[in-house]
>>> print(open('model-v1.txt').read())   # compact mmCIF, C-alpha atoms and all ligand atoms
# COMPACT_ATOMS: atom_id res chain seq x y z
CA MET A 855 0.00 0.00 0.00
CA THR A 856 1.06 3.59 -0.43
CA ASP A 857 1.77 5.71 2.61
CA SER A 858 -0.92 8.29 1.83
CA ARG A 859 -2.82 9.16 4.97
CA ILE A 860 -6.42 8.11 5.43
CA PRO A 861 -9.17 10.76 5.26
CA THR A 862 -10.50 12.38 8.40
CA VAL A 863 -13.95 12.81 9.90
CA ARG A 864 -15.34 14.79 12.84
CA LEU A 865 -16.58 12.86 15.88
CA GLY A 866 -19.92 14.38 16.72
CA GLU A 867 -20.94 17.90 15.83
CA SER A 868 -18.22 19.57 17.88
CA GLY A 869 -15.88 16.67 18.55
CA PRO A 870 -12.31 16.16 17.36
CA GLU A 871 -11.35 15.54 13.74
CA VAL A 872 -9.74 12.08 13.46
CA GLY A 873 -8.60 9.60 10.82
CA ILE A 874 -11.52 7.46 9.63
CA GLN A 875 -10.00 4.42 11.31
CA GLY A 876 -8.62 4.44 14.87
CA LEU A 877 -6.47 2.00 16.81
CA GLY A 878 -7.56 -0.11 19.77
CA CYS A 879 -4.66 -0.41 22.16
CA MET A 880 -6.17 -2.75 24.75
CA GLY A 881 -4.47 -5.93 23.53
CA MET A 882 -1.05 -4.32 23.94
CA SER A 883 -1.29 -4.76 27.71
CA TYR A 884 -4.36 -6.82 28.42
CA ALA A 885 -6.90 -9.50 27.64
CA TYR A 886 -5.57 -11.19 24.51
CA GLY A 887 -2.51 -13.11 25.67
CA PRO A 888 1.16 -12.14 25.70
CA SER A 889 2.34 -9.00 23.90
CA ASP A 890 5.71 -7.77 22.68
CA ALA A 891 6.10 -4.18 23.90
CA GLU A 892 8.55 -3.22 21.17
CA GLU A 893 6.24 -4.51 18.45
CA SER A 894 3.30 -2.70 20.04
CA ARG A 895 5.27 0.56 20.08
CA ALA A 896 6.11 0.08 16.40
CA THR A 897 2.40 -0.48 15.76
CA LEU A 898 1.51 2.84 17.39
CA GLU A 899 4.06 4.66 15.23
CA ARG A 900 3.08 2.93 11.99
CA ALA A 901 -0.58 3.69 12.59
CA LEU A 902 0.18 7.37 13.03
CA GLU A 903 2.22 7.46 9.81
CA LEU A 904 -0.82 6.12 7.98
CA GLY A 905 -3.14 8.78 9.40
CA VAL A 906 -4.65 6.88 12.32
CA THR A 907 -5.06 9.51 15.01
CA LEU A 908 -7.69 8.14 17.44
CA TYR A 909 -6.02 5.87 20.00
CA ASP A 910 -8.27 3.98 22.37
CA THR A 911 -7.48 2.82 25.90
CA ALA A 912 -9.20 2.58 29.32
CA ASP A 913 -8.10 2.81 32.91
CA VAL A 914 -9.12 -0.81 33.50
CA TYR A 915 -6.90 -2.23 30.74
CA GLY A 916 -4.22 -3.90 32.81
CA ASP A 917 -5.34 -1.85 35.82
CA GLY A 918 -3.67 1.28 34.42
CA GLU A 919 -0.85 -0.50 32.61
CA ASN A 920 -2.20 0.28 29.11
CA GLU A 921 -2.44 4.01 29.87
CA ARG A 922 1.11 4.00 31.27
CA PHE A 923 2.32 2.13 28.19
CA LEU A 924 0.88 4.86 25.92
CA ALA A 925 2.41 7.78 27.84
CA PRO A 926 5.79 7.95 26.03
CA PHE A 927 4.07 7.72 22.64
CA LEU A 928 1.74 10.54 23.62
CA GLU A 929 4.60 12.65 24.85
CA ALA A 930 6.31 12.28 21.48
CA HIS A 931 3.18 13.01 19.43
CA ARG A 932 0.84 14.97 21.67
CA ASP A 933 -0.41 17.34 19.00
CA GLU A 934 -1.03 14.63 16.42
CA VAL A 935 -2.93 12.12 18.54
CA VAL A 936 -6.47 12.13 19.93
CA ILE A 937 -6.33 10.03 23.08
CA ALA A 938 -9.51 8.38 24.29
CA THR A 939 -9.74 6.69 27.67
CA LYS A 940 -12.54 5.46 29.90
CA PHE A 941 -13.69 5.22 33.49
CA GLY A 942 -16.36 3.06 35.05
CA LEU A 943 -14.85 -0.36 35.66
CA VAL A 944 -12.90 -0.83 38.82
CA VAL A 945 -10.64 -3.68 39.83
CA PRO A 946 -12.00 -4.79 43.22
CA PRO A 947 -9.58 -4.50 46.12
CA ASP A 948 -9.91 -8.17 47.01
CA GLY A 949 -8.72 -9.65 43.75
CA PRO A 950 -8.17 -9.33 40.02
CA THR A 951 -11.22 -11.25 38.81
CA GLY A 952 -14.57 -9.56 38.28
CA ARG A 953 -15.14 -5.83 37.98
CA ILE A 954 -17.15 -3.26 39.90
CA VAL A 955 -19.10 -0.78 37.76
CA ARG A 956 -19.00 2.77 39.14
CA ASN A 957 -20.49 5.94 37.68
CA ASP A 958 -20.74 8.06 40.84
CA PRO A 959 -19.23 11.56 40.83
CA PRO A 960 -16.60 11.08 43.59
CA TYR A 961 -15.27 8.02 41.79
CA ILE A 962 -15.21 9.80 38.39
CA ARG A 963 -13.21 12.67 39.87
CA GLN A 964 -10.70 10.21 41.28
CA ALA A 965 -10.56 8.24 38.03
CA VAL A 966 -9.88 11.24 35.80
CA GLU A 967 -6.96 12.39 37.95
CA ALA A 968 -5.47 8.89 37.89
CA SER A 969 -5.82 8.62 34.09
CA LEU A 970 -4.30 12.07 33.53
CA LYS A 971 -1.36 11.05 35.67
CA ARG A 972 -0.79 7.66 34.01
CA LEU A 973 -1.13 9.08 30.50
CA ASP A 974 1.05 12.00 31.60
CA VAL A 975 -1.12 14.53 29.76
CA ASP A 976 -2.78 17.81 30.82
CA VAL A 977 -6.07 16.97 29.19
CA ILE A 978 -7.87 13.84 27.94
CA ASP A 979 -9.20 14.40 24.42
CA LEU A 980 -12.17 12.03 24.66
CA TYR A 981 -13.37 10.64 27.99
CA TYR A 982 -15.85 7.78 27.97
CA MET A 983 -18.09 6.23 30.57
CA HIS A 984 -17.10 2.60 30.01
CA ARG A 985 -20.11 0.83 31.48
CA ARG A 986 -23.40 2.02 32.88
CA ASP A 987 -24.16 1.74 36.59
CA VAL A 988 -27.95 1.80 36.58
CA ASN A 989 -27.99 2.92 40.21
CA VAL A 990 -26.68 6.37 39.27
CA PRO A 991 -28.86 8.63 37.10
CA ILE A 992 -27.07 9.15 33.80
CA GLU A 993 -27.70 12.90 34.11
CA GLU A 994 -25.63 12.91 37.28
CA THR A 995 -22.79 10.97 35.67
CA VAL A 996 -22.70 13.15 32.58
CA GLY A 997 -23.12 16.22 34.75
CA VAL A 998 -19.82 15.57 36.47
CA MET A 999 -18.21 14.66 33.13
CA ALA A 1000 -19.39 18.05 31.82
CA ASP A 1001 -17.79 19.69 34.86
CA LEU A 1002 -14.51 18.03 33.85
CA VAL A 1003 -14.81 19.67 30.43
CA ARG A 1004 -15.42 23.07 32.05
CA GLU A 1005 -12.40 22.52 34.30
CA GLY A 1006 -10.17 21.76 31.29
CA LYS A 1007 -9.38 18.17 32.30
CA VAL A 1008 -11.30 16.64 29.40
CA LYS A 1009 -12.11 17.99 25.94
CA HIS A 1010 -14.96 15.78 24.67
CA LEU A 1011 -17.35 13.23 26.14
CA GLY A 1012 -18.21 9.70 25.08
CA LEU A 1013 -20.33 6.80 26.35
CA SER A 1014 -19.79 3.10 25.87
CA GLU A 1015 -22.54 0.46 25.66
CA VAL A 1016 -25.41 2.85 26.42
CA THR A 1017 -28.97 2.38 25.24
CA ALA A 1018 -30.67 4.89 22.94
CA GLY A 1019 -32.63 6.28 25.90
CA GLU A 1020 -29.50 6.68 28.01
CA LEU A 1021 -27.78 8.44 25.11
CA ARG A 1022 -30.66 10.88 24.66
CA ALA A 1023 -30.75 11.71 28.37
CA ALA A 1024 -26.98 12.18 28.48
CA HIS A 1025 -26.86 14.30 25.35
CA ALA A 1026 -29.42 16.66 26.86
CA VAL A 1027 -26.97 17.37 29.69
CA HIS A 1028 -23.88 17.86 27.54
CA PRO A 1029 -23.08 17.13 23.88
CA ILE A 1030 -21.81 13.60 23.46
CA ALA A 1031 -19.17 13.28 20.74
CA ALA A 1032 -19.15 9.51 20.39
CA VAL A 1033 -20.79 6.28 21.45
CA GLN A 1034 -18.46 3.30 21.61
CA SER A 1035 -20.14 -0.08 21.25
CA GLU A 1036 -19.46 -3.46 19.74
CA TRP A 1037 -20.36 -3.41 16.04
CA SER A 1038 -19.27 -5.91 13.44
CA LEU A 1039 -20.50 -8.46 10.93
CA PHE A 1040 -21.24 -10.65 13.99
CA SER A 1041 -22.69 -8.00 16.36
CA ARG A 1042 -25.37 -5.75 14.94
CA ASP A 1043 -27.76 -5.31 17.88
CA ILE A 1044 -26.95 -1.59 18.18
CA GLU A 1045 -28.43 -0.95 14.74
CA ALA A 1046 -31.93 -1.33 16.20
CA HIS A 1047 -31.97 1.66 18.57
CA VAL A 1048 -28.56 3.09 19.43
CA VAL A 1049 -27.33 3.85 15.92
CA PRO A 1050 -30.54 5.63 14.81
CA ALA A 1051 -30.48 7.71 18.01
CA ALA A 1052 -26.84 8.63 17.46
CA ALA A 1053 -27.52 9.58 13.84
CA GLU A 1054 -30.44 11.76 14.91
CA LEU A 1055 -28.42 13.52 17.64
CA GLY A 1056 -25.30 14.03 15.53
CA VAL A 1057 -23.22 11.65 17.66
CA ALA A 1058 -20.47 9.55 16.07
CA LEU A 1059 -20.19 5.77 16.44
CA VAL A 1060 -16.88 4.22 17.44
CA PRO A 1061 -17.30 0.49 16.87
CA TYR A 1062 -15.16 -1.68 19.13
CA SER A 1063 -14.21 -5.28 18.33
CA PRO A 1064 -14.99 -4.74 14.62
CA LEU A 1065 -13.06 -7.94 13.92
CA GLY A 1066 -15.18 -9.91 16.38
CA ARG A 1067 -12.20 -9.91 18.78
CA GLY A 1068 -10.19 -11.58 16.00
CA PHE A 1069 -12.68 -14.35 15.20
CA LEU A 1070 -13.76 -12.68 11.93
CA THR A 1071 -10.17 -12.84 10.66
CA GLY A 1072 -10.28 -16.64 10.77
CA SER A 1073 -7.22 -16.69 13.06
CA PHE A 1074 -8.86 -18.86 15.68
CA VAL A 1075 -11.94 -21.03 15.93
CA HIS A 1076 -12.19 -22.71 19.34
CA ALA A 1077 -11.17 -20.13 21.90
CA GLU A 1078 -10.74 -22.71 24.67
CA LYS A 1079 -8.50 -24.89 22.56
CA GLU A 1080 -6.48 -22.35 20.62
CA LEU A 1081 -5.95 -19.37 22.92
CA THR A 1082 -3.76 -19.08 26.00
CA SER A 1083 -5.35 -19.75 29.37
CA ASP A 1084 -5.30 -16.04 30.27
CA ASP A 1085 -7.12 -14.93 27.11
CA PHE A 1086 -10.46 -13.23 27.80
CA ARG A 1087 -12.02 -14.64 24.64
CA ARG A 1088 -12.21 -18.05 26.32
CA THR A 1089 -15.13 -16.59 28.31
CA VAL A 1090 -17.13 -15.23 25.35
CA PRO A 1091 -20.10 -17.57 24.74
CA ARG A 1092 -20.00 -17.39 20.96
CA TYR A 1093 -16.36 -18.50 20.78
CA ARG A 1094 -16.77 -21.48 23.10
CA GLY A 1095 -17.57 -25.12 22.46
CA GLU A 1096 -20.08 -25.97 19.77
CA ASN A 1097 -20.95 -22.33 19.20
CA ALA A 1098 -17.46 -21.68 17.88
CA ALA A 1099 -17.69 -24.35 15.20
CA ALA A 1100 -21.16 -23.18 14.11
CA ASN A 1101 -19.97 -19.59 13.92
CA ALA A 1102 -16.79 -20.48 12.02
CA ALA A 1103 -19.00 -21.79 9.21
CA LEU A 1104 -20.48 -18.27 8.91
CA LEU A 1105 -17.13 -16.94 7.70
CA GLU A 1106 -17.61 -18.56 4.28
CA PRO A 1107 -19.38 -15.60 2.58
CA ILE A 1108 -16.66 -13.31 3.96
CA ARG A 1109 -14.07 -15.59 2.32
CA THR A 1110 -15.95 -15.37 -0.98
CA VAL A 1111 -16.02 -11.57 -0.91
CA ALA A 1112 -12.39 -11.42 0.25
CA SER A 1113 -11.23 -13.52 -2.64
CA ALA A 1114 -13.10 -11.30 -5.13
CA HIS A 1115 -11.20 -8.29 -3.78
CA GLY A 1116 -7.85 -10.05 -3.31
CA ALA A 1117 -8.29 -8.98 0.32
CA SER A 1118 -8.09 -10.65 3.73
CA LEU A 1119 -11.13 -11.57 5.83
CA ALA A 1120 -10.11 -8.83 8.27
CA GLN A 1121 -10.21 -6.25 5.50
CA ILE A 1122 -13.68 -7.27 4.38
CA ALA A 1123 -14.96 -7.17 7.97
CA LEU A 1124 -13.56 -3.66 8.37
CA ALA A 1125 -14.80 -2.45 4.98
CA TRP A 1126 -18.28 -3.63 5.97
CA VAL A 1127 -18.25 -1.68 9.25
CA GLN A 1128 -17.02 1.42 7.49
CA GLN A 1129 -19.81 1.25 4.94
CA ARG A 1130 -22.37 1.37 7.76
CA ALA A 1131 -21.54 5.10 7.96
CA SER A 1132 -23.24 5.75 4.65
CA VAL A 1133 -26.08 3.33 5.40
CA HIS A 1134 -26.99 5.03 8.69
CA GLY A 1135 -25.81 8.56 7.90
CA LEU A 1136 -23.45 9.14 10.79
CA PRO A 1137 -19.67 9.31 11.27
CA VAL A 1138 -18.21 5.87 12.03
CA VAL A 1139 -14.62 5.50 13.23
CA GLN A 1140 -13.89 1.91 14.12
CA ILE A 1141 -10.97 1.01 16.36
CA PRO A 1142 -9.62 -2.42 15.36
CA GLY A 1143 -7.08 -3.64 17.88
CA THR A 1144 -3.72 -4.95 16.79
CA ARG A 1145 -0.18 -5.19 18.12
CA LYS A 1146 1.48 -5.71 14.76
CA PRO A 1147 2.62 -3.00 12.29
CA SER A 1148 1.90 -5.26 9.29
CA ARG A 1149 -1.69 -5.73 10.50
CA VAL A 1150 -2.20 -2.02 11.02
CA GLU A 1151 -1.16 -1.56 7.38
CA GLU A 1152 -3.57 -4.29 6.32
CA ASN A 1153 -6.40 -2.82 8.39
CA VAL A 1154 -5.84 0.72 7.21
CA ALA A 1155 -5.79 -0.49 3.59
CA ALA A 1156 -9.34 -1.72 4.15
CA THR A 1157 -10.48 1.92 4.19
CA ARG A 1158 -10.05 1.85 0.39
CA ILE A 1159 -12.28 -1.17 -0.20
CA VAL A 1160 -15.83 -0.53 -1.35
CA LEU A 1161 -18.24 -3.45 -1.23
CA THR A 1162 -20.86 -3.82 -3.93
CA GLU A 1163 -24.59 -4.12 -3.21
CA GLU A 1164 -24.37 -7.79 -4.16
CA GLU A 1165 -21.53 -8.37 -1.71
CA LEU A 1166 -23.37 -6.53 1.03
CA SER A 1167 -26.38 -8.78 0.41
CA LEU A 1168 -24.21 -11.85 0.74
CA LEU A 1169 -22.89 -10.62 4.08
CA GLU A 1170 -26.27 -9.39 5.35
CA PRO A 1171 -27.57 -12.64 6.95
CA ILE A 1172 -24.41 -13.44 8.92
CA ALA A 1173 -25.16 -11.60 12.17
CA GLY A 1174 -28.64 -13.11 12.42
CA ARG A 1175 -27.16 -16.60 12.37
CA VAL A 1176 -24.50 -16.16 15.04
CA VAL A 1177 -24.92 -18.57 17.95
CA GLY A 1178 -24.11 -17.37 21.46
CA ASP A 1179 -23.93 -13.97 23.14
CA ARG A 1180 -21.21 -11.47 22.40
CA CYS A 1181 -20.57 -10.97 26.08
CA PRO A 1182 -20.72 -13.22 29.15
CA ASP A 1183 -23.03 -10.78 30.98
CA MET A 1184 -25.39 -9.10 28.54
CA SER A 1185 -26.85 -6.80 31.21
CA LEU A 1186 -23.70 -4.75 30.75
CA THR A 1187 -24.46 -4.11 27.11
CA SER A 1188 -27.00 -1.75 25.59
CA ALA A 1189 -28.79 -4.71 23.97
CA GLY A 1190 -29.06 -6.52 27.30
CA ARG A 1191 -30.68 -3.53 29.02
CA GLU A 1192 -32.95 -2.81 26.06
CA GLN A 1193 -34.14 -6.40 26.32
CA GLU A 1194 -34.73 -6.11 30.08
CA ASN A 1195 -36.64 -2.85 29.69
CA ARG A 1196 -38.69 -3.91 26.72
CA PRO A 1197 -42.15 -2.93 28.11
CA ALA A 1198 -40.83 0.41 29.30
CA ARG A 1199 -39.49 1.22 25.85
CA ALA A 1200 -43.04 1.90 24.71
CA ALA A 1201 -43.01 5.02 26.90
CA PRO A 1202 -42.18 8.23 25.02
CA VAL A 1203 -38.53 9.14 25.23
CA THR A 1204 -39.49 12.67 26.26
CA ALA A 1205 -40.63 11.22 29.59
CA ARG A 1206 -36.99 10.99 30.60
CA ARG A 1207 -35.60 13.82 32.70
CA ALA A 1208 -33.57 16.07 30.42
CA VAL A 1209 -31.35 18.75 31.94
CA PRO A 1210 -30.46 21.70 29.68
CA PRO A 1211 -26.71 22.29 29.37
CA SER A 1212 -26.81 25.57 31.26
CA SER A 1213 -29.01 24.40 34.14
CA PRO A 1214 -27.41 23.54 37.43
CA ARG A 1215 -27.79 19.86 38.18
CA THR A 1216 -30.20 18.87 40.89
CA PRO A 1217 -28.10 17.95 43.91
CA ARG A 1218 -28.69 14.50 45.32
CA PRO A 1219 -28.97 14.10 49.06
CA SER A 1220 -26.31 11.41 49.22
CA PRO A 1221 -23.89 9.84 46.79
CA ALA A 1222 -25.35 6.95 44.83
CA PRO A 1223 -23.97 3.62 45.84
CA PRO A 1224 -21.58 1.93 43.46
CA GLY A 1225 -23.04 -0.59 41.08
CA GLY A 1226 -22.95 -4.33 41.40
CA VAL A 1227 -19.96 -6.56 41.19
CA LEU A 1228 -19.65 -8.21 37.83
CA PRO A 1229 -19.84 -11.94 37.98
CA ASP A 1230 -16.86 -13.95 36.88
CA GLY A 1231 -16.49 -13.52 33.15
CA GLY A 1232 -18.14 -10.11 33.09
CA CYS A 1233 -18.30 -8.35 29.76
CA VAL A 1234 -14.99 -6.64 29.99
CA PRO A 1235 -11.81 -8.66 29.89
CA ARG A 1236 -10.54 -9.82 33.23
CA CYS A 1237 -6.81 -9.36 33.49
CA PRO A 1238 -5.31 -12.55 34.79
CA ARG A 1239 -3.27 -12.60 37.96
CA GLY A 1240 0.35 -11.87 37.24
CA ARG A 1241 -0.26 -9.77 34.11
CA GLY A 1242 -0.84 -6.41 35.70
CA ALA A 1243 -4.24 -6.81 37.26
CA GLY A 1244 -2.96 -5.79 40.64
CA PRO A 1245 -3.22 -7.96 43.72
N1 LIG B 1 -15.80 -0.09 25.10
C1 LIG B 1 -15.61 -1.35 25.38
O1 LIG B 1 -16.27 -1.93 26.23
C2 LIG B 1 -14.55 -2.13 24.64
C3 LIG B 1 -14.56 -3.54 24.69
C4 LIG B 1 -13.57 -4.22 23.97
C5 LIG B 1 -12.62 -3.51 23.23
N2 LIG B 1 -12.63 -2.14 23.23
C6 LIG B 1 -11.65 -1.36 22.45
O2 LIG B 1 -11.77 -1.73 21.08
C7 LIG B 1 -10.52 -2.13 20.56
C8 LIG B 1 -10.71 -3.18 19.49
O3 LIG B 1 -11.45 -4.28 19.94
P1 LIG B 1 -10.81 -5.71 20.21
O4 LIG B 1 -9.33 -5.57 20.30
O5 LIG B 1 -11.55 -6.30 21.33
O6 LIG B 1 -11.23 -6.59 18.97
P2 LIG B 1 -10.97 -6.56 17.39
O7 LIG B 1 -10.40 -5.28 16.98
O8 LIG B 1 -12.23 -7.01 16.81
O9 LIG B 1 -9.93 -7.74 17.20
C9 LIG B 1 -8.65 -7.72 17.77
C10 LIG B 1 -8.00 -9.05 17.49
O10 LIG B 1 -7.84 -9.22 16.08
C11 LIG B 1 -6.48 -9.46 15.76
N3 LIG B 1 -6.22 -8.74 14.49
C12 LIG B 1 -6.24 -7.41 14.27
N4 LIG B 1 -6.01 -7.15 12.96
C13 LIG B 1 -5.86 -8.35 12.36
C14 LIG B 1 -5.60 -8.73 11.02
N5 LIG B 1 -5.47 -7.84 10.04
N6 LIG B 1 -5.48 -10.07 10.74
C15 LIG B 1 -5.63 -10.99 11.71
N7 LIG B 1 -5.87 -10.69 13.00
C16 LIG B 1 -5.99 -9.36 13.31
C17 LIG B 1 -5.69 -8.92 16.91
O11 LIG B 1 -4.50 -9.64 17.10
P3 LIG B 1 -3.06 -8.89 17.27
O12 LIG B 1 -3.23 -7.85 18.33
O13 LIG B 1 -2.16 -9.98 17.66
O14 LIG B 1 -2.76 -8.30 15.92
C18 LIG B 1 -6.63 -9.17 18.10
O15 LIG B 1 -6.49 -10.50 18.53
C19 LIG B 1 -9.74 -2.59 21.79
O16 LIG B 1 -8.36 -2.55 21.59
C20 LIG B 1 -10.21 -1.62 22.84
O17 LIG B 1 -9.46 -0.42 22.77
C21 LIG B 1 -13.59 -1.46 23.92
>>> encode(input="model-v1.txt", output="structure tokens")
Amino acid sequence: MTDSRIPTVRLGESGPEVGIQGLGCMGMSYAYGPSDAEESRATLERALELGVTLYDTADVYGDGENERFLAPFLEAHRDEVVIATKFGLVVPPDGPTGRIVRNDPPYIRQAVEASLKRLDVDVIDLYYMHRRDVNVPIEETVGVMADLVREGKVKHLGLSEVTAGELRAAHAVHPIAAVQSEWSLFSRDIEAHVVPAAAELGVALVPYSPLGRGFLTGSFVHAEKELTSDDFRRTVPRYRGENAAANAALLEPIRTVASAHGASLAQIALAWVQQRASVHGLPVVQIPGTRKPSRVEENVAATRIVLTEEELSLLEPIAGRVVGDRCPDMSLTSAGREQENRPARAAPVTARRAVPPSSPRTPRPSPAPPGGVLPDGGCVPRCPRGRGAGP
């Protein structure tokens, strides 16, 4: 491929301008087995050369390790890179397995200071709520996030795995630049409610796991058999046991399209996600994760592939045939909560409490309690003992 840089797009109506493909950095320190730090650093640099400017991390990735890993890269390229990080998942003090979801203001204030310090930056470009704690009103969570913008600690706000209703309520408090949710040829649940709401509100979509956590590339089939014992994907229902074999058969149409383009499966999966931008009429900046410079080149080259209507039709039925959930605990996803709240969804969206941007937030008598402890195998990767998860 040539070294010409990829085009750019704005995240949300007043968000940052970024390359149309970003880079997921999680695997460099967390969740997907051993990593080579030197190779990961080369990946960060190669991505930037190709015009990738949105770099995605979270405080929970390696219990801060991933943010610390990115700090020298950010120092070298601060003006060129848009750094996105997240709060909301806490490693419990009594052990590295499971996660506590927290959205309460005192915790957010603590989390932002810790992320700023680990990233060694003055301001976070895009700050996401990683998971929703349903015990804290979203207006309160976004209210404190908006305060962080006013205080100059954060530039833009994002939300991960929120429902359409949660997005609308949040956006009424402060403009949301981006929603980050799983979106791929295997995971299309957000197209029902979240994507139309984002398009209507002028919010960008940042699809995570666009390669189905690697499964769509054909690099592994049976997670339990082929991946290291500390790999999070061993806990994902659709990549386990009989589900994995059934789902591997669904890759065939992707192979057919790939061979017509002389492309890899990964490239077709990414080209498909990118084309959802024109289907739904909103900016889409996916963040495939890789630790290899050659793969970043391959992934970025996918931005030049355009699938025909016929090819899109061939790929269309795949998601509907996938067996097994995308996440061990679906209540932590937008789709899971939309399912739980199905009768309530009939209520008009305007019934939700919306707080205008300039209004002071209603004070609550006491801080909301933190959310529940995720069961073993919660949606977000659990960092195994000994690989940076803390005690
Ligand atoms: N908001 C959330 O809750 C959430 C959840 C999960 C992830 N994320 C973010 O989204 C990013 C991406 O998601 P993800 O990493 O889970 O999944 P992904 O991007 O769907 O897949 C990553 C996997 O695919 C492999 N891969 C990448 N490019 C490839 C290629 N061209 N050929 C073959 N294999 C390839 C990677 O291996 P190598 O690394 O070895 O190349 C890695 O194992 C993460 O890094 C993270 O920043 C957010």
>>> residues_around(input="model-v1.txt", residues="range 1092-1094 of chain A", least_positions_apart="2", cutoff="7 Å", atoms="all atoms listed in the file", output="ChimeraX atom specification")
/A:1076-1078,1087-1088,1090,1096-1098,1177-1180
>>> residues_near_ligand(input="model-v1.txt", ligand="ligand LIG 1 (chain B)", cutoff="7 Å", atoms="all atoms listed in the file", output="short mmCIF file (atom, residue, chain, number, x, y, z; two decimals) with C-alpha atoms, keeping the file's coordinate frame")
data_model
loop_
_atom_site.label_atom_id
_atom_site.label_comp_id
_atom_site.auth_asym_id
_atom_site.auth_seq_id
_atom_site.Cartn_x
_atom_site.Cartn_y
_atom_site.Cartn_z
CA LEU A 877 -6.47 2.00 16.81
CA GLY A 878 -7.56 -0.11 19.77
CA CYS A 879 -4.66 -0.41 22.16
CA MET A 880 -6.17 -2.75 24.75
CA GLY A 881 -4.47 -5.93 23.53
CA MET A 882 -1.05 -4.32 23.94
CA TYR A 886 -5.57 -11.19 24.51
CA ASP A 910 -8.27 3.98 22.37
CA THR A 911 -7.48 2.82 25.90
CA HIS A 984 -17.10 2.60 30.01
CA SER A 1014 -19.79 3.10 25.87
CA GLU A 1015 -22.54 0.46 25.66
CA GLN A 1034 -18.46 3.30 21.61
CA SER A 1035 -20.14 -0.08 21.25
CA GLU A 1036 -19.46 -3.46 19.74
CA TYR A 1062 -15.16 -1.68 19.13
CA SER A 1063 -14.21 -5.28 18.33
CA PRO A 1064 -14.99 -4.74 14.62
CA LEU A 1065 -13.06 -7.94 13.92
CA GLY A 1066 -15.18 -9.91 16.38
CA ARG A 1067 -12.20 -9.91 18.78
CA GLY A 1068 -10.19 -11.58 16.00
CA THR A 1071 -10.17 -12.84 10.66
CA SER A 1073 -7.22 -16.69 13.06
CA ALA A 1120 -10.11 -8.83 8.27
CA GLN A 1121 -10.21 -6.25 5.50
CA ILE A 1141 -10.97 1.01 16.36
CA PRO A 1142 -9.62 -2.42 15.36
CA GLY A 1143 -7.08 -3.64 17.88
CA THR A 1144 -3.72 -4.95 16.79
CA ARG A 1145 -0.18 -5.19 18.12
CA LYS A 1146 1.48 -5.71 14.76
CA ARG A 1149 -1.69 -5.73 10.50
CA VAL A 1150 -2.20 -2.02 11.02
CA GLU A 1152 -3.57 -4.29 6.32
CA ASN A 1153 -6.40 -2.82 8.39
CA VAL A 1234 -14.99 -6.64 29.99
#
>>> atom_distance(input="model-v1.txt", atom1="CA of Leu1161 in chain A", atom2="CA of Ala1131 in chain A")
13.0 Å
>>> closest_residue(input="model-v1.txt", among="A:Pro1171, A:Gly869, A:Gly876, A:Pro960", to="Val990 in chain A", atoms="all atoms listed in the file")
A:Pro960
>>> atom_distance(input="model-v1.txt", atom1="CA of His1010 in chain A", atom2="CA of Ile874 in chain A")
17.5 Å
>>> residues_near_point(input="model-v1.txt", point="(-19.9, -4.5, 13.5)", cutoff="10 Å", atoms="only C-alpha atoms", output="list in words")
Ser1035, Glu1036, Trp1037, Ser1038, Leu1039, Phe1040, Ser1041, Arg1042, Asp1043, Ile1044, Glu1045, Pro1061, Tyr1062, Ser1063, Pro1064, Leu1065, Gly1066, Ala1123, Leu1124, Trp1126, Val1127, Gln1128, Arg1130, Gln1140 and Ala1173 of chain A
>>> residues_around(input="model-v1.txt", residues="range 920-937 of chain A", least_positions_apart="2", cutoff="6 Å", atoms="all atoms listed in the file", output="VMD selection string")
chain A and resid 883 907 to 909 915 to 916 918 972 to 974 979
>>> closest_residue(input="model-v1.txt", among="A:Val1139, A:Ala1103, A:Val1057, A:Ala885", to="Gly866 in chain A", atoms="all atoms listed in the file")
A:Val1057
>>> atom_distance(input="model-v1.txt", atom1="CA of Pro947 in chain A", atom2="CA of Asn989 in chain A")
20.7 Å
>>> closest_residue(input="model-v1.txt", among="A:Glu1192, A:Glu871, A:Glu1170, A:Glu903", to="Arg859 in chain A", atoms="all atoms listed in the file")
A:Glu903
>>> residues_around(input="model-v1.txt", residues="Leu1136 in chain A", least_positions_apart="3", cutoff="10 Å", atoms="all atoms listed in the file", output="PyMOL selection string")
chain A and resi 865-866+1049-1050+1052-1059+1130-1133+1139
>>> closest_residue(input="model-v1.txt", among="A:Thr1082, A:Ser1188, A:Ser858, A:Asn1101", to="Phe1069 in chain A", atoms="only C-alpha atoms")
A:Asn1101
>>> decode(input="model-v1.txt", residues="range 1026-1030 of chain A", atoms="N, CA and C atoms", output="mmCIF file, in the first residue's frame")
data_model
loop_
_atom_site.group_PDB
_atom_site.id
_atom_site.type_symbol
_atom_site.label_atom_id
_atom_site.label_comp_id
_atom_site.auth_asym_id
_atom_site.auth_seq_id
_atom_site.Cartn_x
_atom_site.Cartn_y
_atom_site.Cartn_z
ATOM 1 N N ALA A 1026 -28.685 15.460 26.428
ATOM 2 C CA ALA A 1026 -29.422 16.659 26.860
ATOM 3 C C ALA A 1026 -28.666 17.409 27.950
ATOM 4 N N VAL A 1027 -27.770 16.727 28.629
ATOM 5 C CA VAL A 1027 -26.971 17.371 29.686
ATOM 6 C C VAL A 1027 -25.748 18.046 29.085
ATOM 7 N N HIS A 1028 -25.087 17.335 28.182
ATOM 8 C CA HIS A 1028 -23.879 17.863 27.541
ATOM 9 C C HIS A 1028 -23.698 17.138 26.214
ATOM 10 N N PRO A 1029 -23.257 17.824 25.158
ATOM 11 C CA PRO A 1029 -23.082 17.127 23.876
ATOM 12 C C PRO A 1029 -22.145 15.926 24.014
ATOM 13 N N ILE A 1030 -22.613 14.818 23.474
ATOM 14 C CA ILE A 1030 -21.809 13.596 23.465
ATOM 15 C C ILE A 1030 -21.171 13.503 22.077
#
